Structure formats: C-alpha cells, structure tokens
file entry33.txt (compact mmCIF, C-alpha atoms)
# COMPACT_ATOMS: atom_id res chain seq x y z
CA MET X 115 22.20 25.17 -5.17
CA ALA X 116 19.41 22.63 -5.51
CA LYS X 117 16.45 23.40 -7.75
CA ILE X 118 14.08 21.69 -5.33
CA TYR X 119 13.35 22.23 -1.66
CA GLN X 120 15.94 21.00 0.82
CA LEU X 121 14.79 19.77 4.23
CA ILE X 122 17.66 19.71 6.73
CA GLY X 123 16.98 17.42 9.66
CA ALA X 124 17.55 14.09 11.34
CA GLU X 125 15.68 10.83 11.73
CA LEU X 126 15.64 11.41 15.50
CA SER X 127 13.93 14.79 15.14
CA PRO X 128 10.13 14.70 15.52
CA TYR X 129 9.69 18.12 13.95
CA THR X 130 11.71 17.01 10.93
CA ALA X 131 9.45 13.98 10.65
CA LYS X 132 6.34 16.18 10.89
CA VAL X 133 7.38 18.21 7.84
CA ARG X 134 8.69 15.17 5.93
CA LEU X 135 5.40 13.29 6.35
CA TYR X 136 3.54 16.37 5.15
CA LEU X 137 5.73 16.75 2.06
CA ARG X 138 5.31 13.08 1.18
CA TYR X 139 1.54 13.32 1.52
CA LYS X 140 1.44 16.44 -0.67
CA ARG X 141 3.89 14.85 -3.13
CA ILE X 142 6.07 17.95 -3.04
CA PRO X 143 9.57 17.08 -4.31
CA PHE X 144 12.29 17.69 -1.76
CA GLU X 145 15.86 16.68 -1.01
CA PRO X 146 16.52 15.43 2.54
CA VAL X 147 19.74 16.85 3.98
CA GLN X 148 21.37 15.16 6.94
CA SER X 149 22.21 17.53 9.79
CA THR X 150 25.85 16.57 10.22
CA VAL X 151 28.20 18.53 12.47
CA GLU X 152 29.51 20.35 9.40
CA VAL X 153 26.01 21.34 8.29
CA TYR X 154 25.21 22.57 11.79
CA LEU X 155 28.39 24.63 12.10
CA ARG X 156 28.72 26.00 8.59
CA PHE X 157 25.10 26.40 7.48
CA ILE X 158 22.47 26.20 10.24
CA LYS X 159 24.17 28.29 12.93
CA PRO X 160 25.21 31.17 10.60
CA ARG X 161 21.75 31.42 9.01
CA VAL X 162 19.39 30.53 11.84
CA GLY X 163 21.42 31.64 14.85
CA GLN X 164 21.16 28.41 16.81
CA TYR X 165 21.73 24.69 16.46
CA ILE X 166 18.26 23.47 15.57
CA VAL X 167 16.39 21.38 13.02
CA PRO X 168 14.43 21.19 10.83
CA VAL X 169 15.50 23.92 8.47
CA LEU X 170 13.93 24.41 5.05
CA VAL X 171 15.88 25.87 2.13
CA THR X 172 13.74 26.96 -0.83
CA PRO X 173 14.88 26.98 -4.47
CA ASP X 174 15.12 30.80 -4.28
CA LYS X 175 17.40 30.54 -1.19
CA GLN X 176 14.87 31.40 1.52
CA VAL X 177 15.68 29.74 4.83
CA ILE X 178 12.75 28.84 7.09
CA GLN X 179 13.00 27.37 10.59
CA ASP X 180 9.90 26.12 12.46
CA SER X 181 7.73 23.26 11.32
CA ALA X 182 4.45 25.20 11.62
CA GLU X 183 5.80 28.03 9.47
CA MET X 184 7.00 25.52 6.87
CA ILE X 185 3.56 23.94 6.56
CA SER X 186 1.91 27.38 6.30
CA PHE X 187 4.44 28.28 3.60
CA PHE X 188 3.61 25.18 1.59
CA GLU X 189 -0.17 25.41 2.10
CA GLU X 190 -0.14 28.78 0.33
CA ARG X 191 1.69 27.29 -2.63
CA TYR X 192 0.28 23.75 -2.70
CA PRO X 193 -3.30 24.01 -1.41
CA LEU X 194 -4.41 20.59 -2.68
CA PRO X 195 -5.13 18.28 -1.02
CA PRO X 196 -5.94 20.53 1.92
CA VAL X 197 -4.77 19.54 5.40
CA ILE X 198 -6.67 22.32 7.17
CA PRO X 199 -10.36 21.47 7.76
CA LYS X 200 -13.15 23.77 6.64
CA THR X 201 -15.36 23.89 9.73
CA SER X 202 -14.44 26.15 12.63
CA LYS X 203 -14.55 23.35 15.19
CA GLN X 204 -12.29 21.09 13.18
CA LYS X 205 -9.84 23.92 12.50
CA ILE X 206 -9.59 24.57 16.24
CA VAL X 207 -9.19 20.88 17.06
CA SER X 208 -6.56 20.38 14.37
CA SER X 209 -4.59 23.34 15.72
CA LEU X 210 -4.94 22.11 19.31
CA LEU X 211 -3.70 18.68 18.30
CA GLU X 212 -0.70 20.26 16.58
CA MET X 213 0.02 22.41 19.64
CA PHE X 214 -0.38 19.43 21.95
CA ALA X 215 2.08 17.38 19.90
CA ASP X 216 4.58 20.20 19.43
CA GLU X 217 4.50 21.61 22.96
CA TRP X 218 3.67 18.72 25.32
CA LEU X 219 4.48 15.34 23.82
CA PHE X 220 8.21 15.98 23.92
CA ARG X 221 8.13 15.56 27.70
CA PRO X 222 7.02 11.90 27.77
CA ILE X 223 9.23 11.41 24.71
CA LEU X 224 12.31 12.63 26.56
CA HIS X 225 11.39 10.60 29.62
CA TYR X 226 11.07 7.36 27.66
CA ARG X 227 14.20 8.09 25.62
CA TRP X 228 16.59 8.94 28.44
CA SER X 229 15.23 7.15 31.50
CA TYR X 230 15.87 3.66 30.15
CA PRO X 231 19.50 2.56 29.65
CA GLU X 232 18.25 -0.13 27.25
CA ASN X 233 17.77 2.64 24.67
CA LEU X 234 21.40 3.81 24.77
CA PRO X 235 23.00 1.47 22.17
CA PHE X 236 20.35 2.51 19.66
CA LEU X 237 20.70 6.20 20.51
CA LYS X 238 24.49 6.17 20.34
CA GLU X 239 24.38 4.75 16.85
CA GLU X 240 21.59 7.10 15.72
CA PHE X 241 23.25 10.27 17.03
CA GLY X 242 26.63 9.17 15.76
CA ARG X 243 25.38 8.17 12.33
CA VAL X 244 23.68 11.53 11.82
CA ALA X 245 26.39 13.79 13.22
CA PHE X 246 29.51 11.89 12.12
CA PRO X 247 28.51 9.77 9.11
CA THR X 248 32.02 9.32 7.72
CA LEU X 249 33.46 7.76 10.89
CA GLY X 250 33.43 4.14 11.96
CA THR X 251 30.90 2.72 14.38
CA LYS X 252 33.19 2.84 17.44
CA GLU X 253 34.27 6.44 16.79
CA ARG X 254 30.68 7.52 16.12
CA SER X 255 29.50 5.90 19.33
CA ASP X 256 32.16 7.59 21.45
CA LEU X 257 31.53 11.02 19.98
CA ALA X 258 27.77 10.62 20.20
CA GLU X 259 27.91 10.71 23.99
CA ASN X 260 29.17 14.29 23.78
CA VAL X 261 26.34 15.18 21.39
CA TYR X 262 23.42 13.74 23.32
CA GLY X 263 24.73 14.54 26.81
CA ARG X 264 23.21 18.02 26.69
CA TYR X 265 19.78 16.55 26.01
CA LYS X 266 19.89 14.41 29.15
CA ASN X 267 20.92 17.43 31.22
CA LEU X 268 17.72 19.23 30.19
CA LEU X 269 15.39 16.69 31.82
CA PRO X 270 15.15 18.24 35.32
CA LEU X 271 14.59 21.69 33.82
CA LEU X 272 11.56 20.29 31.96
CA GLY X 273 10.11 18.62 35.04
CA ILE X 274 11.20 15.13 34.02
CA THR X 275 12.43 13.32 37.12
CA LYS X 276 12.17 9.93 38.79
CA LYS X 277 9.09 11.19 40.62
CA THR X 278 7.25 12.49 37.54
CA GLY X 279 8.28 9.65 35.21
CA PRO X 280 5.52 7.22 36.26
CA ALA X 281 2.87 9.91 35.68
CA PHE X 282 4.18 10.56 32.15
CA GLU X 283 4.06 6.85 31.42
CA GLU X 284 0.55 6.39 32.77
CA SER X 285 -0.69 9.37 30.74
CA TRP X 286 0.88 7.99 27.55
CA LYS X 287 -0.58 4.52 28.09
CA GLU X 288 -4.04 5.98 28.57
CA MET X 289 -3.59 7.98 25.39
CA LEU X 290 -2.55 4.88 23.47
CA ASP X 291 -5.79 3.23 24.56
CA GLU X 292 -7.86 6.27 23.53
CA LEU X 293 -6.09 6.45 20.17
CA THR X 294 -6.70 2.76 19.57
CA ALA X 295 -10.43 3.22 20.14
CA HIS X 296 -10.44 6.19 17.76
CA PHE X 297 -8.41 4.62 14.94
CA ASP X 298 -10.65 1.58 15.12
CA LYS X 299 -13.37 3.85 13.68
CA HIS X 300 -11.49 6.46 11.66
CA PRO X 301 -8.31 6.27 9.54
CA TYR X 302 -7.15 9.71 10.75
CA PHE X 303 -7.89 12.17 13.55
CA LEU X 304 -10.71 14.00 11.79
CA GLY X 305 -12.06 11.41 9.40
CA GLY X 306 -10.91 10.07 6.04
CA LYS X 307 -7.82 12.23 5.44
CA PRO X 308 -5.06 13.71 7.61
CA CYS X 309 -5.15 17.18 9.10
CA VAL X 310 -2.19 19.20 10.40
CA GLY X 311 -2.68 17.55 13.78
CA ASP X 312 -2.05 14.13 12.24
CA PHE X 313 1.33 15.19 10.87
CA ALA X 314 2.45 16.81 14.12
CA PHE X 315 1.33 13.88 16.24
CA ALA X 316 2.69 11.24 13.84
CA GLY X 317 6.05 13.02 13.63
CA MET X 318 6.42 12.75 17.39
CA ALA X 319 5.09 9.21 17.51
CA TYR X 320 7.32 7.91 14.72
CA THR X 321 10.69 9.30 15.80
CA ASN X 322 10.40 8.33 19.46
CA PHE X 323 7.42 6.25 20.52
CA PHE X 324 7.70 4.01 17.44
CA ARG X 325 11.46 3.84 16.74
CA ASP X 326 13.07 3.99 20.19
CA PRO X 327 13.37 0.45 21.62
CA ILE X 328 11.47 0.75 24.92
CA PRO X 329 8.50 2.95 23.90
CA GLY X 330 8.48 1.21 20.49
CA TYR X 331 7.90 -2.15 22.16
CA LEU X 332 5.13 -0.63 24.25
CA MET X 333 3.32 0.85 21.26
CA LYS X 334 3.57 -2.30 19.14
CA THR X 335 2.36 -4.58 21.92
CA ARG X 336 -0.21 -2.40 23.68
CA ALA X 337 -1.50 -0.40 20.69
CA PRO X 338 -0.64 -2.11 17.38
CA LEU X 339 -3.39 -0.15 15.63
CA VAL X 340 -1.65 3.10 16.60
CA ALA X 341 1.63 1.66 15.30
CA ALA X 342 -0.13 0.84 12.00
CA TRP X 343 -1.37 4.45 11.78
CA VAL X 344 2.20 5.69 12.31
CA GLU X 345 3.41 3.45 9.49
CA ASN X 346 0.61 4.61 7.22
CA MET X 347 1.43 8.27 7.92
CA ASN X 348 5.00 7.48 6.82
CA GLY X 349 3.73 6.12 3.52
CA HIS X 350 4.17 2.48 4.51
CA LEU X 351 1.32 0.04 3.88
CA PRO X 352 -1.02 2.77 2.54
CA HIS X 353 -3.19 0.02 1.06
CA ALA X 354 -3.76 -1.64 4.43
CA ASN X 355 -6.63 0.49 5.68
CA LYS X 356 -10.37 0.90 5.35
CA LEU X 357 -10.05 3.31 2.42
CA SER X 358 -8.18 0.93 0.11
CA LEU X 359 -10.29 -2.21 -0.11
CA HIS X 360 -10.84 -4.48 -3.11
CA GLU X 361 -13.70 -6.80 -3.86
CA VAL X 362 -14.02 -9.80 -6.14
CA THR X 363 -16.45 -9.21 -8.98
CA GLU X 364 -19.05 -11.69 -10.11
CA ASP X 365 -16.80 -12.84 -12.95
CA GLY X 366 -13.92 -13.47 -10.52
CA TRP X 367 -11.72 -10.38 -11.01
CA LEU X 368 -10.42 -7.89 -8.47
CA MET X 369 -11.80 -4.35 -8.43
CA ARG X 370 -11.17 -1.55 -5.98
CA GLU X 371 -14.22 -0.85 -3.87
CA ASP X 372 -15.95 2.35 -4.89
CA LEU X 373 -16.31 4.20 -1.59
CA PRO X 374 -18.37 7.39 -1.29
CA GLU X 375 -16.26 10.53 -1.62
CA GLU X 376 -17.23 11.78 1.83
CA SER X 377 -15.52 8.78 3.42
CA ARG X 378 -12.20 10.10 2.07
CA ASP X 379 -12.73 13.61 3.44
CA PHE X 380 -12.83 15.24 6.87
CA CYS X 381 -15.67 13.93 8.98
CA ALA X 382 -19.01 15.44 7.97
CA ASN X 383 -20.98 17.49 10.50
CA ASP X 384 -18.13 17.39 13.01
CA CYS X 385 -19.23 13.85 13.86
CA ASN X 386 -16.12 12.89 15.84
CA ILE X 387 -15.25 16.26 17.33
CA ASN X 388 -16.27 15.36 20.88
CA LEU X 389 -13.85 12.43 21.01
CA ILE X 390 -10.97 14.35 19.50
CA PHE X 391 -11.50 17.23 21.91
CA LEU X 392 -10.63 14.86 24.75
CA TYR X 393 -7.15 14.56 23.28
CA SER X 394 -6.87 18.28 22.64
CA LEU X 395 -7.70 19.14 26.24
CA TYR X 396 -4.38 17.61 27.27
CA ALA X 397 -2.76 20.66 25.70
CA ILE X 398 -4.67 23.17 27.81
call {"tool": "encode", "arguments": {"input": "entry33.txt", "output": "structure tokens"}}
result
Amino acid sequence: MAKIYQLIGAELSPYTAKVRLYLRYKRIPFEPVQSTVEVYLRFIKPRVGQYIVPVLVTPDKQVIQDSAEMISFFEERYPLPPVIPKTSKQKIVSSLLEMFADEWLFRPILHYRWSYPENLPFLKEEFGRVAFPTLGTKERSDLAENVYGRYKNLLPLLGITKKTGPAFEESWKEMLDELTAHFDKHPYFLGGKPCVGDFAFAGMAYTNFFRDPIPGYLMKTRAPLVAAWVENMNGHLPHANKLSLHEVTEDGWLMREDLPEESRDFCANDCNINLIFLYSLYAI
C-alpha cells in the first residue's frame, strides 16, 4: 500500500485531469495510477460499484470517487494556497464555473470527439494504451474499439446528433472568443490565481479540446491564448505569463519584477465578476 495518495485515472478523462491539475498546483504528492482493465475489474468495480474514474486512494485506505469531493477533501487538509475565493460573489461564480464544466462541457466534448473520423486513430491508441498497456499497438487498437464503442452509443441519449452538432460547435467557438478576451486581461478566471472553476474547466479543455486532433487544431488556431492557459494550468510554461516577468537592472542584470501582492490574488472588489458571470450563465 502506497504511503502517498494514489489517483486512479486516465489521460482521456477530464475529471482525472481536473484533480491532477489541482494536486500539482497545491504541490500535494501523489502517485498516478493508470486505469487498466485489471484495475477496473479488480479494484474500481469492487470498491466503487461501477466502472468510473477518477478514484482517489488515501494513505489510510479511504476510497473517494467524484472530483468535487476529492477537492473538498484536500481543501480541508491543505488549505494553502486557497482555491476558493473569499467574497460571496466569487464563491458563487467559481462554483457555477465548476458546475458548468462538469455538467455541460462534456456534451460539446463528446460531439467533437466522436463526430469526426479524423480523431479515431488517436483515440484508438489512447484507449488501447490505457486499457491494455502490455499489448502491441495492433492488438491495443483492435481491442480499443470494444472499449470506446459504448461511449459513441451514448451520444443520442445526450442529445448529440447531426442536427445539434453545429449548435454545439458554434457555442464552443463563441466561448473560445470570450475566453480569449478574458485571458488577455487576467491570467485566470477570477484574477491572479486559479479558483476551483479554473481546474474544472482546464481539465475538460486539456483532455479533449486541447489534445484531441480536431478540436485541438481549432483551439490552437482560433484561440491560442486559451491554449496557452491550458498549458499553464498543466504546469507547462508557468513563466510565460504576466505574473512572471523579469526586468534588466541599471547595472545590466536580470531581476524578477516585483509585482504588487494583490495582482497574484483573486480580483479585488469583484472587478471582473460581470464578465465571468456571462460564462456561468451557460450552466443555468
């Protein structure tokens, strides 16, 4: 039994990514566990009751399933740096953003993922590599079709059809434009540090809109600033933003710019609440 937290999940899982990004930001040590078929059958199903990820295993053998519960669990034990804002408005907006990401974004995600055959070679390898890591590429690819077939069959039940697809795409493109305008002014949703909404939204954005071939191309060409935010949330290029600037001193040496502390905190006086509420209203 590991002496650190174990996070069972997959690179294709947005909810796994949500928790992983949070743990990295908090610098909480954890061991990533790949959700292979064996892990699903012999660990997840007996303890959780269904085939689902992520699953958190604590050092004292608690098993937690649900990304929101995991973050609440860790916030009680690792309160610093806080990811829940202090003001009532920002708390509500952060929660709405999390709900929007968790409960609505998966629809355009599933549309983009399964409506374009160009994604299939990537998806076959991804599903196969996670579920059957010891097999060769050809075997993994063949078996992967059985694994991801059930996901494609869910589309009509979720209202994802040829008729609704264009509406999902238009909505996502508009959101990319709104996010670009926002991240041009602020590093994160509510100012100078991430809130829970950032982790939920970035988890969804990274695993599907950033990594999958078709939506990934769209994000990187239409909204490269949003793609940069996704990378930053993953811990990549953390120095390439407005909060990590250096200046050249008078004697010719480099020194990190001394920014006011409030610029690294949630936005003072709810200054960008009105803009963020536009995004949150999508969840209502």
call {"tool": "residues_around", "arguments": {"input": "entry33.txt", "residues": "Asp379 in chain X", "least_positions_apart": "4", "cutoff": "9 Å", "atoms": "all atoms listed in the file", "output": "VMD selection string"}}
result
chain X and resid 304 to 308 375
call {"tool": "closest_residue", "arguments": {"input": "entry33.txt", "among": "X:Phe241, X:Tyr129, X:Phe282, X:Phe220", "to": "Leu268 in chain X", "atoms": "only C-alpha atoms"}}
result
X:Phe220
call {"tool": "residues_near_point", "arguments": {"input": "entry33.txt", "point": "(22.2, 22.9, 19.0)", "cutoff": "12 Å", "atoms": "only C-alpha atoms", "output": "PDB file with C-alpha atoms, keeping the file's coordinate frame"}}
result
ATOM      1  CA  SER X 149      22.210  17.530   9.790  1.00  0.00           C
ATOM      2  CA  THR X 150      25.850  16.570  10.220  1.00  0.00           C
ATOM      3  CA  VAL X 151      28.200  18.530  12.470  1.00  0.00           C
ATOM      4  CA  VAL X 153      26.010  21.340   8.290  1.00  0.00           C
ATOM      5  CA  TYR X 154      25.210  22.570  11.790  1.00  0.00           C
ATOM      6  CA  LEU X 155      28.390  24.630  12.100  1.00  0.00           C
ATOM      7  CA  ILE X 158      22.470  26.200  10.240  1.00  0.00           C
ATOM      8  CA  LYS X 159      24.170  28.290  12.930  1.00  0.00           C
ATOM      9  CA  VAL X 162      19.390  30.530  11.840  1.00  0.00           C
ATOM     10  CA  GLY X 163      21.420  31.640  14.850  1.00  0.00           C
ATOM     11  CA  GLN X 164      21.160  28.410  16.810  1.00  0.00           C
ATOM     12  CA  TYR X 165      21.730  24.690  16.460  1.00  0.00           C
ATOM     13  CA  ILE X 166      18.260  23.470  15.570  1.00  0.00           C
ATOM     14  CA  VAL X 167      16.390  21.380  13.020  1.00  0.00           C
ATOM     15  CA  PRO X 168      14.430  21.190  10.830  1.00  0.00           C
ATOM     16  CA  ALA X 245      26.390  13.790  13.220  1.00  0.00           C
ATOM     17  CA  VAL X 261      26.340  15.180  21.390  1.00  0.00           C
ATOM     18  CA  TYR X 262      23.420  13.740  23.320  1.00  0.00           C
ATOM     19  CA  GLY X 263      24.730  14.540  26.810  1.00  0.00           C
ATOM     20  CA  ARG X 264      23.210  18.020  26.690  1.00  0.00           C
ATOM     21  CA  TYR X 265      19.780  16.550  26.010  1.00  0.00           C
TER      22      TYR X 265
END
call {"tool": "residues_around", "arguments": {"input": "entry33.txt", "residues": "Gly311 in chain X", "least_positions_apart": "4", "cutoff": "6 Å", "atoms": "only C-alpha atoms", "output": "ChimeraX atom specification"}}
result
/X:208,211-212,315
call {"tool": "write_last_selection", "arguments": {"input": "entry33.txt", "atoms": "C-alpha atoms", "output": "PDB file, in the frame of the given file"}}
result
ATOM      1  CA  SER X 208      -6.560  20.380  14.370  1.00  0.00           C
ATOM      2  CA  LEU X 211      -3.700  18.680  18.300  1.00  0.00           C
ATOM      3  CA  GLU X 212      -0.700  20.260  16.580  1.00  0.00           C
ATOM      4  CA  PHE X 315       1.330  13.880  16.240  1.00  0.00           C
TER       5      PHE X 315
END
call {"tool": "closest_residue", "arguments": {"input": "entry33.txt", "among": "X:Phe157, X:Trp218, X:Tyr192, X:Tyr230", "to": "Lys276 in chain X", "atoms": "all atoms listed in the file"}}
result
X:Tyr230
call {"tool": "residues_around", "arguments": {"input": "entry33.txt", "residues": "Ala281 in chain X", "least_positions_apart": "6", "cutoff": "12 Å", "atoms": "only C-alpha atoms", "output": "count of residues only"}}
result
9
call {"tool": "closest_residue", "arguments": {"input": "entry33.txt", "among": "X:Thr251, X:Gln148, X:Thr172, X:Ser186", "to": "Gln120 in chain X", "atoms": "only C-alpha atoms"}}
result
X:Thr172
call {"tool": "atom_distance", "arguments": {"input": "entry33.txt", "atom1": "CA of Leu271 in chain X", "atom2": "CA of Ala215 in chain X"}}
result
19.2 Å
call {"tool": "closest_residue", "arguments": {"input": "entry33.txt", "among": "X:Leu137, X:Leu368, X:Met184, X:Cys309", "to": "Val171 in chain X", "atoms": "only C-alpha atoms"}}
result
X:Met184
call {"tool": "residues_around", "arguments": {"input": "entry33.txt", "residues": "Lys175 in chain X", "least_positions_apart": "2", "cutoff": "10 Å", "atoms": "all atoms listed in the file", "output": "number ranges by chain"}}
result
X: 115-117, 119-120, 170-173, 177-178
call {"tool": "closest_residue", "arguments": {"input": "entry33.txt", "among": "X:Tyr136, X:Phe236, X:Trp343, X:Phe380", "to": "Glu189 in chain X", "atoms": "all atoms listed in the file"}}
result
X:Tyr136
call {"tool": "closest_residue", "arguments": {"input": "entry33.txt", "among": "X:Glu364, X:Asp216, X:Glu283, X:Asp384", "to": "Asp312 in chain X", "atoms": "all atoms listed in the file"}}
result
X:Asp216
call {"tool": "decode", "arguments": {"input": "entry33.txt", "residues": "range 156-183 of chain X", "atoms": "N, CA, C and O atoms", "output": "PDB file, in the first residue's frame"}}
result
ATOM      1  N   ARG X 156     -10.636  -5.391 -10.893  1.00  0.00           N
ATOM      2  CA  ARG X 156     -10.243  -5.951  -9.601  1.00  0.00           C
ATOM      3  C   ARG X 156     -10.184  -4.920  -8.480  1.00  0.00           C
ATOM      4  O   ARG X 156     -10.126  -5.309  -7.304  1.00  0.00           O
ATOM      5  N   PHE X 157     -10.210  -3.637  -8.817  1.00  0.00           N
ATOM      6  CA  PHE X 157     -10.143  -2.625  -7.752  1.00  0.00           C
ATOM      7  C   PHE X 157     -11.329  -1.664  -7.802  1.00  0.00           C
ATOM      8  O   PHE X 157     -12.067  -1.523  -6.825  1.00  0.00           O
ATOM      9  N   ILE X 158     -11.523  -0.984  -8.953  1.00  0.00           N
ATOM     10  CA  ILE X 158     -12.541   0.067  -9.015  1.00  0.00           C
ATOM     11  C   ILE X 158     -13.949  -0.493  -8.842  1.00  0.00           C
ATOM     12  O   ILE X 158     -14.725  -0.017  -8.000  1.00  0.00           O
ATOM     13  N   LYS X 159     -14.311  -1.496  -9.637  1.00  0.00           N
ATOM     14  CA  LYS X 159     -15.675  -2.043  -9.569  1.00  0.00           C
ATOM     15  C   LYS X 159     -16.008  -2.600  -8.191  1.00  0.00           C
ATOM     16  O   LYS X 159     -17.092  -2.307  -7.647  1.00  0.00           O
ATOM     17  N   PRO X 160     -15.139  -3.388  -7.540  1.00  0.00           N
ATOM     18  CA  PRO X 160     -15.485  -3.917  -6.213  1.00  0.00           C
ATOM     19  C   PRO X 160     -15.641  -2.838  -5.150  1.00  0.00           C
ATOM     20  O   PRO X 160     -16.455  -2.985  -4.234  1.00  0.00           O
ATOM     21  N   ARG X 161     -14.883  -1.732  -5.267  1.00  0.00           N
ATOM     22  CA  ARG X 161     -14.904  -0.721  -4.207  1.00  0.00           C
ATOM     23  C   ARG X 161     -15.837   0.453  -4.483  1.00  0.00           C
ATOM     24  O   ARG X 161     -16.336   1.084  -3.548  1.00  0.00           O
ATOM     25  N   VAL X 162     -16.055   0.746  -5.743  1.00  0.00           N
ATOM     26  CA  VAL X 162     -16.890   1.893  -6.096  1.00  0.00           C
ATOM     27  C   VAL X 162     -18.272   1.455  -6.573  1.00  0.00           C
ATOM     28  O   VAL X 162     -19.251   2.176  -6.426  1.00  0.00           O
ATOM     29  N   GLY X 163     -18.342   0.278  -7.182  1.00  0.00           N
ATOM     30  CA  GLY X 163     -19.617  -0.237  -7.647  1.00  0.00           C
ATOM     31  C   GLY X 163     -19.900   0.014  -9.105  1.00  0.00           C
ATOM     32  O   GLY X 163     -20.918  -0.444  -9.633  1.00  0.00           O
ATOM     33  N   GLN X 164     -19.018   0.723  -9.790  1.00  0.00           N
ATOM     34  CA  GLN X 164     -19.187   0.966 -11.215  1.00  0.00           C
ATOM     35  C   GLN X 164     -17.823   1.238 -11.841  1.00  0.00           C
ATOM     36  O   GLN X 164     -16.842   1.484 -11.150  1.00  0.00           O
ATOM     37  N   TYR X 165     -17.794   1.188 -13.167  1.00  0.00           N
ATOM     38  CA  TYR X 165     -16.546   1.433 -13.883  1.00  0.00           C
ATOM     39  C   TYR X 165     -16.430   2.932 -14.149  1.00  0.00           C
ATOM     40  O   TYR X 165     -17.050   3.455 -15.088  1.00  0.00           O
ATOM     41  N   ILE X 166     -15.674   3.617 -13.315  1.00  0.00           N
ATOM     42  CA  ILE X 166     -15.607   5.067 -13.395  1.00  0.00           C
ATOM     43  C   ILE X 166     -14.272   5.566 -12.851  1.00  0.00           C
ATOM     44  O   ILE X 166     -13.673   4.941 -11.973  1.00  0.00           O
ATOM     45  N   VAL X 167     -13.797   6.651 -13.397  1.00  0.00           N
ATOM     46  CA  VAL X 167     -12.610   7.337 -12.893  1.00  0.00           C
ATOM     47  C   VAL X 167     -12.917   8.832 -12.871  1.00  0.00           C
ATOM     48  O   VAL X 167     -13.807   9.289 -13.603  1.00  0.00           O
ATOM     49  N   PRO X 168     -12.201   9.595 -12.036  1.00  0.00           N
ATOM     50  CA  PRO X 168     -11.078   9.183 -11.194  1.00  0.00           C
ATOM     51  C   PRO X 168     -11.532   8.554  -9.877  1.00  0.00           C
ATOM     52  O   PRO X 168     -12.673   8.727  -9.453  1.00  0.00           O
ATOM     53  N   VAL X 169     -10.599   7.868  -9.267  1.00  0.00           N
ATOM     54  CA  VAL X 169     -10.776   7.314  -7.935  1.00  0.00           C
ATOM     55  C   VAL X 169      -9.537   7.674  -7.127  1.00  0.00           C
ATOM     56  O   VAL X 169      -8.413   7.488  -7.597  1.00  0.00           O
ATOM     57  N   LEU X 170      -9.750   8.183  -5.931  1.00  0.00           N
ATOM     58  CA  LEU X 170      -8.646   8.556  -5.051  1.00  0.00           C
ATOM     59  C   LEU X 170      -8.512   7.536  -3.932  1.00  0.00           C
ATOM     60  O   LEU X 170      -9.506   7.171  -3.299  1.00  0.00           O
ATOM     61  N   VAL X 171      -7.290   7.071  -3.703  1.00  0.00           N
ATOM     62  CA  VAL X 171      -6.997   6.173  -2.589  1.00  0.00           C
ATOM     63  C   VAL X 171      -6.059   6.910  -1.642  1.00  0.00           C
ATOM     64  O   VAL X 171      -4.982   7.367  -2.036  1.00  0.00           O
ATOM     65  N   THR X 172      -6.483   7.081  -0.396  1.00  0.00           N
ATOM     66  CA  THR X 172      -5.680   7.814   0.589  1.00  0.00           C
ATOM     67  C   THR X 172      -4.695   6.872   1.269  1.00  0.00           C
ATOM     68  O   THR X 172      -4.860   5.643   1.222  1.00  0.00           O
ATOM     69  N   PRO X 173      -3.667   7.425   1.915  1.00  0.00           N
ATOM     70  CA  PRO X 173      -2.710   6.567   2.625  1.00  0.00           C
ATOM     71  C   PRO X 173      -3.349   5.685   3.703  1.00  0.00           C
ATOM     72  O   PRO X 173      -2.813   4.631   4.028  1.00  0.00           O
ATOM     73  N   ASP X 174      -4.508   6.125   4.257  1.00  0.00           N
ATOM     74  CA  ASP X 174      -5.174   5.296   5.274  1.00  0.00           C
ATOM     75  C   ASP X 174      -6.305   4.455   4.671  1.00  0.00           C
ATOM     76  O   ASP X 174      -7.223   4.033   5.369  1.00  0.00           O
ATOM     77  N   LYS X 175      -6.218   4.223   3.331  1.00  0.00           N
ATOM     78  CA  LYS X 175      -7.085   3.299   2.598  1.00  0.00           C
ATOM     79  C   LYS X 175      -8.537   3.779   2.433  1.00  0.00           C
ATOM     80  O   LYS X 175      -9.430   2.976   2.196  1.00  0.00           O
ATOM     81  N   GLN X 176      -8.767   5.078   2.529  1.00  0.00           N
ATOM     82  CA  GLN X 176     -10.069   5.599   2.123  1.00  0.00           C
ATOM     83  C   GLN X 176     -10.127   5.614   0.599  1.00  0.00           C
ATOM     84  O   GLN X 176      -9.134   5.879  -0.067  1.00  0.00           O
ATOM     85  N   VAL X 177     -11.299   5.359   0.062  1.00  0.00           N
ATOM     86  CA  VAL X 177     -11.508   5.401  -1.383  1.00  0.00           C
ATOM     87  C   VAL X 177     -12.577   6.450  -1.680  1.00  0.00           C
ATOM     88  O   VAL X 177     -13.700   6.353  -1.168  1.00  0.00           O
ATOM     89  N   ILE X 178     -12.223   7.448  -2.472  1.00  0.00           N
ATOM     90  CA  ILE X 178     -13.126   8.558  -2.786  1.00  0.00           C
ATOM     91  C   ILE X 178     -13.327   8.616  -4.290  1.00  0.00           C
ATOM     92  O   ILE X 178     -12.365   8.577  -5.050  1.00  0.00           O
ATOM     93  N   GLN X 179     -14.588   8.706  -4.707  1.00  0.00           N
ATOM     94  CA  GLN X 179     -14.904   8.856  -6.129  1.00  0.00           C
ATOM     95  C   GLN X 179     -15.763  10.094  -6.307  1.00  0.00           C
ATOM     96  O   GLN X 179     -16.759  10.262  -5.653  1.00  0.00           O
ATOM     97  N   ASP X 180     -15.370  10.981  -7.168  1.00  0.00           N
ATOM     98  CA  ASP X 180     -16.025  12.245  -7.502  1.00  0.00           C
ATOM     99  C   ASP X 180     -14.998  13.351  -7.307  1.00  0.00           C
ATOM    100  O   ASP X 180     -14.448  13.548  -6.210  1.00  0.00           O
ATOM    101  N   SER X 181     -14.760  14.059  -8.389  1.00  0.00           N
ATOM    102  CA  SER X 181     -13.701  15.075  -8.386  1.00  0.00           C
ATOM    103  C   SER X 181     -13.989  16.203  -7.402  1.00  0.00           C
ATOM    104  O   SER X 181     -13.076  16.701  -6.730  1.00  0.00           O
ATOM    105  N   ALA X 182     -15.252  16.628  -7.286  1.00  0.00           N
ATOM    106  CA  ALA X 182     -15.593  17.711  -6.362  1.00  0.00           C
ATOM    107  C   ALA X 182     -15.350  17.285  -4.917  1.00  0.00           C
ATOM    108  O   ALA X 182     -14.842  18.068  -4.104  1.00  0.00           O
ATOM    109  N   GLU X 183     -15.705  16.042  -4.589  1.00  0.00           N
ATOM    110  CA  GLU X 183     -15.470  15.549  -3.231  1.00  0.00           C
ATOM    111  C   GLU X 183     -13.985  15.449  -2.933  1.00  0.00           C
ATOM    112  O   GLU X 183     -13.542  15.709  -1.813  1.00  0.00           O
TER     113      GLU X 183
END
